[in-house]
$ cat structure-v9.txt   # compact mmCIF, C-alpha atoms (C1' of nucleotides)
# COMPACT_ATOMS: atom_id res chain seq x y z
CA MET Y 1 12.06 -3.29 31.36
CA LYS Y 2 8.44 -3.82 32.20
CA LEU Y 3 5.90 -1.25 31.23
CA VAL Y 4 3.37 -2.74 33.57
CA SER Y 5 3.65 -3.81 37.17
CA PRO Y 6 4.01 -7.56 37.75
CA GLY Y 7 0.76 -9.29 38.61
CA GLU Y 8 0.03 -12.50 40.46
CA ALA Y 9 0.89 -15.70 38.63
CA SER Y 10 -1.95 -16.64 36.29
CA ALA Y 11 -1.13 -20.28 35.69
CA ASN Y 12 1.76 -19.47 33.36
CA THR Y 13 5.07 -17.79 33.97
CA ASN Y 14 6.28 -14.73 32.24
CA ASP Y 15 2.95 -12.99 32.43
CA VAL Y 16 1.34 -9.63 32.31
CA PRO Y 17 -1.23 -8.51 34.90
CA ALA Y 18 -4.57 -10.27 34.83
CA GLU Y 19 -5.99 -7.39 36.85
CA ALA Y 20 -9.06 -5.36 36.14
CA GLY Y 21 -7.38 -3.00 33.68
CA GLU Y 22 -5.76 -5.74 31.56
CA GLU Y 23 -4.00 -3.04 29.63
CA PHE Y 24 -1.59 -5.18 27.65
CA VAL Y 25 -1.51 -8.77 26.57
CA ARG Y 26 1.26 -10.54 24.79
CA ILE Y 27 0.94 -12.46 21.63
CA GLY Y 28 0.31 -15.83 23.25
CA GLU Y 29 -2.63 -14.68 25.30
CA MET Y 30 -3.99 -12.67 22.41
CA ALA Y 31 -3.86 -15.70 20.16
CA LYS Y 32 -5.61 -17.92 22.66
CA LYS Y 33 -8.26 -15.33 23.33
CA TYR Y 34 -9.25 -15.07 19.71
CA GLY Y 35 -8.51 -18.55 18.49
CA VAL Y 36 -5.79 -17.65 16.07
CA THR Y 37 -2.15 -18.65 15.87
CA LEU Y 38 0.88 -16.56 16.67
CA ARG Y 39 1.79 -16.74 13.04
CA THR Y 40 -1.55 -15.24 12.11
CA LEU Y 41 -1.11 -12.27 14.42
CA ARG Y 42 2.36 -11.60 13.11
CA PHE Y 43 1.12 -12.01 9.59
CA TYR Y 44 -1.66 -9.49 10.10
CA GLU Y 45 0.86 -7.09 11.52
CA ASP Y 46 3.15 -7.63 8.60
CA LYS Y 47 0.26 -6.80 6.31
CA GLY Y 48 -0.43 -3.61 8.21
CA LEU Y 49 -3.66 -4.76 9.79
CA LEU Y 50 -2.42 -4.63 13.35
CA ASN Y 51 0.04 -2.37 15.11
CA PRO Y 52 0.71 -3.56 18.64
CA HIS Y 53 3.00 -1.61 20.94
CA ARG Y 54 6.38 -2.96 21.86
CA ASP Y 55 8.15 -3.57 25.10
CA GLY Y 56 11.61 -3.96 23.67
CA SER Y 57 10.91 -6.50 20.98
CA THR Y 58 7.88 -8.03 22.66
CA ARG Y 59 4.52 -7.23 21.16
CA LEU Y 60 1.91 -5.80 23.50
CA TYR Y 61 -1.69 -5.73 22.38
CA THR Y 62 -4.21 -3.27 23.73
CA ARG Y 63 -7.97 -2.85 23.67
CA ARG Y 64 -7.60 -1.11 20.39
CA ASP Y 65 -5.79 -4.04 18.82
CA LYS Y 66 -8.48 -6.36 20.06
CA ALA Y 67 -11.16 -4.26 18.44
CA ARG Y 68 -9.25 -4.30 15.19
CA LEU Y 69 -8.72 -8.03 15.36
CA LYS Y 70 -12.41 -8.55 15.91
CA LEU Y 71 -13.13 -6.57 12.79
CA ILE Y 72 -10.56 -8.55 10.84
CA LEU Y 73 -12.10 -11.81 11.96
CA LEU Y 74 -15.57 -10.60 11.11
CA GLY Y 75 -14.37 -9.52 7.70
CA ARG Y 76 -12.75 -12.86 7.13
CA LYS Y 77 -15.91 -14.62 8.19
CA VAL Y 78 -18.03 -12.82 5.65
CA GLY Y 79 -15.47 -13.53 2.97
CA PHE Y 80 -13.53 -10.33 2.58
CA SER Y 81 -9.92 -10.58 1.62
CA LEU Y 82 -7.41 -9.15 4.06
CA ARG Y 83 -6.66 -6.59 1.42
CA ASP Y 84 -10.25 -5.40 1.48
CA VAL Y 85 -10.30 -5.35 5.24
CA LYS Y 86 -7.16 -3.28 5.26
CA GLN Y 87 -8.56 -0.80 2.76
CA MET Y 88 -11.58 -0.28 4.92
CA MET Y 89 -9.70 0.00 8.19
CA ASP Y 90 -7.13 2.35 6.72
CA LEU Y 91 -9.87 4.85 6.14
CA TYR Y 92 -10.68 5.10 9.82
CA ASP Y 93 -10.13 8.55 11.23
CA PRO Y 94 -10.83 8.95 14.94
CA THR Y 95 -11.33 12.68 14.50
CA GLY Y 96 -13.89 12.62 11.71
CA THR Y 97 -17.32 11.26 10.88
CA ASN Y 98 -15.80 8.45 8.83
CA THR Y 99 -18.42 8.86 6.19
CA LYS Y 100 -15.96 7.82 3.52
CA GLN Y 101 -15.03 4.71 5.43
CA LEU Y 102 -18.64 3.74 5.95
CA ARG Y 103 -19.49 4.31 2.33
CA LEU Y 104 -16.60 2.19 1.19
CA ALA Y 105 -17.56 -0.53 3.63
CA LEU Y 106 -21.11 -0.46 2.39
CA ASP Y 107 -20.00 -0.57 -1.21
CA LYS Y 108 -17.67 -3.47 -0.66
CA SER Y 109 -20.30 -5.22 1.39
CA GLU Y 110 -22.87 -5.00 -1.36
CA LYS Y 111 -20.44 -6.53 -3.80
CA GLN Y 112 -19.44 -9.20 -1.36
CA LEU Y 113 -23.07 -9.99 -0.66
CA ALA Y 114 -23.62 -10.47 -4.37
CA ARG Y 115 -20.63 -12.79 -4.54
CA LEU Y 116 -21.90 -14.81 -1.63
CA GLN Y 117 -25.29 -15.18 -3.21
CA LYS Y 118 -23.73 -16.29 -6.45
CA GLN Y 119 -21.62 -18.79 -4.58
CA ARG Y 120 -24.66 -20.12 -2.84
CA ALA Y 121 -26.39 -20.54 -6.17
CA LEU Y 122 -23.38 -22.44 -7.50
CA ILE Y 123 -23.34 -24.66 -4.46
CA ASP Y 124 -27.02 -25.35 -4.73
CA ASP Y 125 -26.47 -26.25 -8.34
CA ALA Y 126 -23.60 -28.52 -7.42
CA ILE Y 127 -25.67 -30.18 -4.74
CA GLY Y 128 -28.38 -30.81 -7.29
CA GLU Y 129 -26.03 -32.32 -9.82
CA LEU Y 130 -24.26 -34.38 -7.24
CA SER Y 131 -27.48 -35.76 -5.78
CA ASN Y 132 -28.59 -36.61 -9.24
CA SER Y 133 -25.39 -38.45 -10.06
CA MET Y 134 -25.59 -40.29 -6.78
CA SER Y 135 -29.02 -41.64 -7.45
CA ILE Y 136 -27.86 -42.82 -10.85
CA VAL Y 137 -24.86 -44.56 -9.33
CA ARG Y 138 -27.07 -46.17 -6.72
CA GLN Y 139 -29.32 -47.33 -9.48
CA MET Y 140 -26.41 -48.88 -11.36
CA LEU Y 141 -25.17 -50.56 -8.23
CA SER Y 142 -28.51 -52.12 -7.47
CA GLU Y 143 -28.76 -53.35 -11.04
CA ARG Y 144 -25.38 -54.94 -10.74
CA THR Y 145 -26.39 -56.61 -7.52
CA ALA Y 146 -29.59 -57.89 -9.06
CA ALA Y 147 -28.67 -58.85 -12.62
CA PRO Y 148 -25.12 -58.33 -13.90
CA GLN Y 149 -24.98 -56.33 -17.13
CA ALA Y 150 -22.69 -54.08 -19.18
CA SER Y 151 -22.57 -50.30 -18.82
CA ALA Y 152 -20.73 -47.11 -19.75
CA ALA Y 153 -18.73 -45.00 -17.34
CA GLY Y 154 -15.26 -43.78 -16.31
CA MET W 1 1.56 -38.64 -42.00
CA LYS W 2 -2.17 -38.38 -41.65
CA LEU W 3 -4.12 -41.09 -39.94
CA VAL W 4 -7.34 -39.76 -41.34
CA SER W 5 -8.25 -38.75 -44.84
CA PRO W 6 -8.28 -35.01 -45.49
CA GLY W 7 -11.72 -33.45 -45.34
CA GLU W 8 -13.11 -30.35 -46.96
CA ALA W 9 -11.98 -27.06 -45.50
CA SER W 10 -14.03 -26.22 -42.41
CA ALA W 11 -13.30 -22.53 -42.10
CA ASN W 12 -9.85 -23.11 -40.66
CA THR W 13 -6.76 -24.60 -42.16
CA ASN W 14 -4.92 -27.56 -40.85
CA ASP W 15 -8.05 -29.48 -40.10
CA VAL W 16 -9.35 -32.96 -39.55
CA PRO W 17 -12.52 -34.29 -41.19
CA ALA W 18 -15.77 -32.72 -40.12
CA GLU W 19 -17.56 -35.70 -41.58
CA ALA W 20 -20.15 -37.87 -39.96
CA GLY W 21 -17.66 -40.10 -38.14
CA GLU W 22 -15.67 -37.22 -36.59
CA GLU W 23 -13.25 -39.78 -35.24
CA PHE W 24 -10.48 -37.46 -34.14
CA VAL W 25 -10.32 -33.85 -33.14
CA ARG W 26 -7.25 -31.90 -32.34
CA ILE W 27 -6.68 -29.90 -29.22
CA GLY W 28 -7.99 -26.61 -30.56
CA GLU W 29 -11.34 -27.99 -31.59
CA MET W 30 -11.60 -30.02 -28.43
CA ALA W 31 -10.97 -26.94 -26.32
CA LYS W 32 -13.56 -24.88 -28.15
CA LYS W 33 -16.12 -27.66 -27.94
CA TYR W 34 -15.90 -27.89 -24.17
CA GLY W 35 -15.05 -24.35 -23.26
CA VAL W 36 -11.63 -25.03 -21.81
CA THR W 37 -8.18 -23.80 -22.79
CA LEU W 38 -5.44 -25.74 -24.49
CA ARG W 39 -3.45 -25.43 -21.33
CA THR W 40 -6.21 -27.11 -19.41
CA LEU W 41 -6.33 -30.08 -21.75
CA ARG W 42 -2.58 -30.51 -21.59
CA PHE W 43 -2.68 -30.13 -17.86
CA TYR W 44 -5.31 -32.82 -17.49
CA GLU W 45 -3.22 -35.08 -19.63
CA ASP W 46 -0.17 -34.33 -17.58
CA LYS W 47 -2.14 -35.33 -14.52
CA GLY W 48 -3.16 -38.59 -16.11
CA LEU W 49 -6.80 -37.67 -16.57
CA LEU W 50 -6.73 -37.77 -20.34
CA ASN W 51 -4.82 -39.90 -22.79
CA PRO W 52 -5.36 -38.73 -26.34
CA HIS W 53 -3.78 -40.59 -29.24
CA ARG W 54 -0.96 -39.05 -31.14
CA ASP W 55 -0.31 -38.39 -34.79
CA GLY W 56 3.36 -37.74 -34.49
CA SER W 57 3.36 -35.19 -31.73
CA THR W 58 -0.14 -33.91 -32.37
CA ARG W 59 -2.81 -34.90 -29.90
CA LEU W 60 -5.91 -36.52 -31.30
CA TYR W 61 -8.96 -36.79 -29.12
CA THR W 62 -11.62 -39.41 -29.64
CA ARG W 63 -15.12 -40.07 -28.40
CA ARG W 64 -13.63 -41.74 -25.38
CA ASP W 65 -11.60 -38.68 -24.47
CA LYS W 66 -14.70 -36.57 -24.80
CA ALA W 67 -16.58 -38.80 -22.42
CA ARG W 68 -13.75 -38.57 -19.95
CA LEU W 69 -13.53 -34.82 -20.25
CA LYS W 70 -17.25 -34.55 -19.61
CA LEU W 71 -16.80 -36.52 -16.43
CA ILE W 72 -13.90 -34.35 -15.38
CA LEU W 73 -15.93 -31.20 -15.92
CA LEU W 74 -18.86 -32.64 -14.03
CA GLY W 75 -16.58 -33.61 -11.19
CA ARG W 76 -15.09 -30.17 -11.13
CA LYS W 77 -18.53 -28.63 -11.12
CA VAL W 78 -19.63 -30.54 -8.05
CA GLY W 79 -16.40 -29.63 -6.31
CA PHE W 80 -14.23 -32.69 -6.58
CA SER W 81 -10.51 -32.16 -6.83
CA LEU W 82 -8.83 -33.47 -9.94
CA ARG W 83 -7.11 -35.94 -7.70
CA ASP W 84 -10.44 -37.37 -6.63
CA VAL W 85 -11.69 -37.46 -10.19
CA LYS W 86 -8.60 -39.33 -11.22
CA GLN W 87 -8.95 -41.85 -8.44
CA MET W 88 -12.45 -42.60 -9.52
CA MET W 89 -11.68 -42.78 -13.20
CA ASP W 90 -8.64 -44.94 -12.66
CA LEU W 91 -10.88 -47.62 -11.28
CA TYR W 92 -12.78 -47.96 -14.50
CA ASP W 93 -12.47 -51.38 -16.05
CA PRO W 94 -14.29 -51.86 -19.36
CA THR W 95 -14.35 -55.62 -18.82
CA GLY W 96 -15.93 -55.69 -15.37
CA THR W 97 -18.99 -54.57 -13.49
CA ASN W 98 -17.08 -51.65 -11.99
CA THR W 99 -18.71 -52.22 -8.67
CA LYS W 100 -15.62 -50.98 -6.90
CA GLN W 101 -15.54 -47.83 -8.97
CA LEU W 102 -19.16 -47.12 -8.33
CA ARG W 103 -18.81 -47.71 -4.62
CA LEU W 104 -15.84 -45.38 -4.43
CA ALA W 105 -17.69 -42.76 -6.41
CA LEU W 106 -20.66 -43.05 -4.12
CA ASP W 107 -18.51 -42.84 -1.05
CA LYS W 108 -16.67 -39.79 -2.27
CA SER W 109 -19.93 -38.24 -3.37
CA GLU W 110 -21.47 -38.60 0.04
CA LYS W 111 -18.51 -36.88 1.61
CA GLN W 112 -18.52 -34.17 -0.99
CA LEU W 113 -22.21 -33.65 -0.51
CA ALA W 114 -21.60 -33.17 3.19
CA ARG W 115 -18.89 -30.66 2.43
CA LEU W 116 -21.14 -28.75 0.09
CA GLN W 117 -23.88 -28.60 2.66
CA LYS W 118 -21.46 -27.35 5.26
CA GLN W 119 -20.22 -24.74 2.86
CA ARG W 120 -23.74 -23.63 2.17
CA ALA W 121 -24.35 -23.29 5.88
CA LEU W 122 -21.22 -21.19 6.23
CA ILE W 123 -22.27 -19.00 3.36
CA ASP W 124 -25.72 -18.55 4.77
CA ASP W 125 -24.13 -17.59 8.04
CA ALA W 126 -21.85 -15.14 6.29
CA ILE W 127 -24.76 -13.65 4.40
CA GLY W 128 -26.56 -13.17 7.67
CA GLU W 129 -23.64 -11.48 9.36
CA LEU W 130 -22.93 -9.33 6.38
CA SER W 131 -26.53 -8.20 6.02
CA ASN W 132 -26.55 -7.38 9.68
CA SER W 133 -23.39 -5.32 9.45
CA MET W 134 -24.72 -3.55 6.43
CA SER W 135 -27.85 -2.41 8.16
CA ILE W 136 -25.77 -1.11 11.03
CA VAL W 137 -23.54 0.81 8.67
CA ARG W 138 -26.55 2.24 6.89
CA GLN W 139 -27.90 3.29 10.25
CA MET W 140 -24.64 5.03 11.12
CA LEU W 141 -24.57 6.76 7.79
CA SER W 142 -28.07 8.07 8.13
CA GLU W 143 -27.28 9.33 11.62
CA ARG W 144 -24.27 11.16 10.28
CA THR W 145 -26.35 12.71 7.55
CA ALA W 146 -28.97 13.82 10.03
CA ALA W 147 -26.97 14.88 13.09
CA PRO W 148 -23.17 14.60 13.14
CA GLN W 149 -21.86 12.67 16.16
CA ALA W 150 -18.88 10.57 17.35
CA SER W 151 -18.68 6.78 16.99
CA ALA W 152 -16.45 3.71 17.27
CA ALA W 153 -15.24 1.72 14.31
CA GLY W 154 -12.18 0.73 12.23
C1' DT M 1 8.69 -19.57 -50.76
C1' DA M 2 7.04 -16.53 -47.44
C1' DT M 3 3.70 -16.16 -43.99
C1' DA M 4 0.05 -17.02 -40.93
C1' DG M 5 -2.10 -20.22 -37.94
C1' DA M 6 -1.90 -24.52 -35.16
C1' DA M 7 0.68 -27.35 -32.34
C1' DT M 8 4.60 -28.93 -29.18
C1' DT M 9 7.52 -29.00 -24.74
C1' DG M 10 9.49 -26.63 -20.86
C1' DA M 11 9.36 -23.96 -17.13
C1' DC M 12 8.47 -20.11 -14.17
C1' DG M 13 4.44 -17.31 -12.19
C1' DT M 14 -0.01 -16.63 -9.52
C1' DA M 15 -3.23 -16.21 -5.77
C1' DA M 16 -4.28 -16.32 -0.12
C1' DA M 17 -3.27 -16.99 4.14
C1' DC M 18 -0.79 -18.67 6.70
C1' DG M 19 2.48 -23.39 8.18
C1' DT M 20 6.80 -24.73 9.53
C1' DA M 21 11.34 -24.90 10.58
C1' DA M 22 15.69 -22.58 12.27
C1' DA M 23 18.48 -20.05 15.26
C1' DA M 24 18.59 -17.16 19.01
C1' DG M 25 17.21 -14.01 23.01
C1' DG M 26 14.78 -13.21 27.45
C1' DT M 27 13.04 -14.84 32.18
C1' DG M 28 11.03 -16.74 36.30
C1' DC M 29 11.35 -20.89 39.12
C1' DG M 30 13.31 -24.75 41.69
C1' DC L 1 22.55 -22.58 37.34
C1' DG L 2 19.92 -24.70 34.11
C1' DC L 3 15.61 -26.03 32.28
C1' DA L 4 11.23 -24.96 30.46
C1' DC L 5 8.57 -21.73 28.16
C1' DC L 6 7.66 -17.58 25.69
C1' DT L 7 9.13 -14.63 22.25
C1' DT L 8 11.71 -12.78 18.16
C1' DT L 9 13.16 -12.51 13.01
C1' DT L 10 14.01 -14.65 8.59
C1' DA L 11 12.62 -17.21 4.99
C1' DC L 12 11.23 -21.11 2.37
C1' DG L 13 7.07 -24.35 1.81
C1' DT L 14 2.09 -25.47 0.95
C1' DT L 15 -2.20 -25.94 -1.82
C1' DT L 16 -4.87 -26.10 -6.66
C1' DA L 17 -5.51 -25.46 -11.25
C1' DC L 18 -4.07 -23.64 -14.38
C1' DG L 19 -1.83 -18.66 -16.83
C1' DT L 20 1.75 -16.94 -19.42
C1' DC L 21 5.65 -16.62 -21.88
C1' DA L 22 9.44 -18.63 -24.87
C1' DA L 23 11.49 -21.06 -28.36
C1' DT L 24 10.54 -24.20 -31.86
C1' DT L 25 8.21 -27.06 -35.32
C1' DC L 26 4.69 -28.36 -38.69
C1' DT L 27 1.40 -27.59 -42.15
C1' DA L 28 -1.46 -25.47 -45.55
C1' DT L 29 -2.26 -21.75 -48.47
C1' DA L 30 -1.49 -17.55 -51.28
$ encode --input "structure-v9.txt" --output "structure tokens"
Amino acid sequence: MKLVSPGEASANTNDVPAEAGEEFVRIGEMAKKYGVTLRTLRFYEDKGLLNPHRDGSTRLYTRRDKARLKLILLGRKVGFSLRDVKQMMDLYDPTGTNTKQLRLALDKSEKQLARLQKQRALIDDAIGELSNSMSIVRQMLSERTAAPQASAAG
Amino acid sequence: MKLVSPGEASANTNDVPAEAGEEFVRIGEMAKKYGVTLRTLRFYEDKGLLNPHRDGSTRLYTRRDKARLKLILLGRKVGFSLRDVKQMMDLYDPTGTNTKQLRLALDKSEKQLARLQKQRALIDDAIGELSNSMSIVRQMLSERTAAPQASAAG
DNA sequence: TATAGAATTGACGTAAACGTAAAAGGTGCG
DNA sequence: CGCACCTTTTACGTTTACGTCAATTCTATA
């Protein structure tokens, strides 16, 4: 029960048209296209982040799903939890101005930005401490190489 | 069955000497002193990172345990896993030059430093993307405030 | 002695985002 | 027809560093 007309073989069997329209893609192609695993796509769906159509039991992803996935991946990249991403996407209303959605996104983004900056500060701190420790260790090692002596560590 | 002579009350009952020597401290004092929880100290012990003496079943921490805990906390701060910290500490030999230990520490530190730098790069990237998105959202919001119009998001 | 404040061990719970089988159904090709 | 390949659902496993009871014991003090 195909919803789309069969296209010419595109290097793998069991395929969906690779024509201009490219209306639907199945999970395998979708995964490859966006560098995620099948498990990830199913997981996102399970969490309500994606809602692909079905041809029987087979998932069919459309342009819309791709747009959503892109947003999810962007959100993930900037450090949002999937829960946050979902909250923001759930507010999308194709018939409105989405002012609420945008405000929420902005609010969450400001908080996330603050978190990222704090994290960066922590990392810089860690880098400082680590570099410091390393130079001390190097010092100790060179002393050992030169003139053996007692110390205090570990 | 006290191993240490009773000292004068130090604001809390059931205490160990607060004298000059301060040989042993129990878990509560130890935790307060280093800003960790009791659970944490027991957990570290369970993982073989600490080895306090015992007075019956009561843990007694010495100067040595404090030194070790400081190292653990430093390690944690710079992003080492407890497993790594343990590996390094396990190599400590009070009778030797600890060259091996120091080399391992240096090796692990170099790798950790690389990880930290990569993380910082990722965070900087995320900050960039997020700032970018935020300005776009602000733009959209201001457009909506000025002249309502359709869009594409969520 | 009653009570409050430490301490003990044991063991399940948590968070996040999937990984990894397992068992089974569909399908186009040679 | 059978194999190879894609897909499905279900469900437990993973990682790290503890949190959070629970039940019990010990000790000092009023």
$ interface_residues --input "structure-v9.txt" --of "chain M" --to "chain Y" --cutoff "8 Å" --atoms "only C-alpha atoms (C1' of nucleotides)" --output "tab-separated table (two decimals) with C-alpha atoms (C1' of nucleotides), in the coordinates of the input"
chain	number	residue	atom	x	y	z
M	18	DC	C1'	-0.79	-18.67	6.70
M	27	DT	C1'	13.04	-14.84	32.18
M	28	DG	C1'	11.03	-16.74	36.30
$ residues_around --input "structure-v9.txt" --residues "DT9 (chain M)" --least-positions-apart "2" --cutoff "10 Å" --atoms "all atoms listed in the file" --output "number ranges by chain"
M: 11; L: 23-24
$ write_last_selection --input "structure-v9.txt" --atoms "C-alpha atoms (C1' of nucleotides)" --output "PDB file, in the frame of the given file"
ATOM      1  C1'  DA M  11       9.360 -23.960 -17.130  1.00  0.00           C
TER       2       DA M  11
ATOM      3  C1'  DA L  23      11.490 -21.060 -28.360  1.00  0.00           C
ATOM      4  C1'  DT L  24      10.540 -24.200 -31.860  1.00  0.00           C
TER       5       DT L  24
END
$ atom_distance --input "structure-v9.txt" --atom1 "CA of Arg63 (chain Y)" --atom2 "C1' of DC5 (chain L)"
25.5 Å
$ interface_residues --input "structure-v9.txt" --of "chain L" --to "chain W" --cutoff "10 Å" --atoms "all atoms listed in the file" --output "ChimeraX atom specification"
/L:16-19,26-29
$ closest_atom_pairs --input "structure-v9.txt" --of "chain Y" --to "chain W" --cutoff "7 Å" --atoms "all atoms listed in the file" --output "tab-separated table"
residue	atom	partner	partner_atom	distance
Y:Arg68	CA	W:Gly154	CA	6.5
Y:Lys77	CA	W:Ala126	CA	6.3
Y:Val78	CA	W:Ala126	CA	4.5
Y:Met89	CA	W:Gly154	CA	4.8
Y:Tyr92	CA	W:Gly154	CA	5.2
Y:Thr97	CA	W:Ala150	CA	6.7
Y:Thr99	CA	W:Leu141	CA	6.7
Y:Leu102	CA	W:Val137	CA	6.3
Y:Leu106	CA	W:Met134	CA	6.2
Y:Ser109	CA	W:Met134	CA	6.9
Y:Leu113	CA	W:Ile127	CA	6.5
Y:Leu116	CA	W:Ile123	CA	6.5
Y:Arg120	CA	W:Arg120	CA	6.2
Y:Ile123	CA	W:Leu116	CA	6.5
Y:Ala126	CA	W:Val78	CA	4.5
Y:Ile127	CA	W:Leu113	CA	6.5
Y:Glu129	CA	W:Val78	CA	6.9
Y:Leu130	CA	W:Val78	CA	6.1
Y:Met134	CA	W:Leu106	CA	6.2
Y:Val137	CA	W:Leu102	CA	6.3
Y:Leu141	CA	W:Thr99	CA	6.7
Y:Arg144	CA	W:Thr97	CA	7.0
Y:Ala150	CA	W:Thr97	CA	6.8
Y:Gly154	CA	W:Met89	CA	4.8
$ atom_distance --input "structure-v9.txt" --atom1 "CA of Leu73 (chain W)" --atom2 "CA of Lys33 (chain W)"
12.5 Å
$ atom_distance --input "structure-v9.txt" --atom1 "C1' of DC12 (chain M)" --atom2 "CA of Ala31 (chain W)"
23.9 Å
$ residues_around --input "structure-v9.txt" --residues "DA24 (chain M)" --least-positions-apart "5" --cutoff "12 Å" --atoms "all atoms listed in the file" --output "number ranges by chain"
L: 7-10
$ residues_around --input "structure-v9.txt" --residues "Leu60 (chain W)" --least-positions-apart "2" --cutoff "8 Å" --atoms "only C-alpha atoms (C1' of nucleotides)" --output "number ranges by chain"
W: 24-27, 52-55, 58, 62
$ residues_around --input "structure-v9.txt" --residues "DT20 (chain M)" --least-positions-apart "3" --cutoff "12 Å" --atoms "only C-alpha atoms (C1' of nucleotides)" --output "tab-separated table (two decimals) with C-alpha atoms (C1' of nucleotides), keeping the file's coordinate frame"
chain	number	residue	atom	x	y	z
Y	39	ARG	CA	1.79	-16.74	13.04
L	11	DA	C1'	12.62	-17.21	4.99
L	12	DC	C1'	11.23	-21.11	2.37
L	13	DG	C1'	7.07	-24.35	1.81
L	14	DT	C1'	2.09	-25.47	0.95
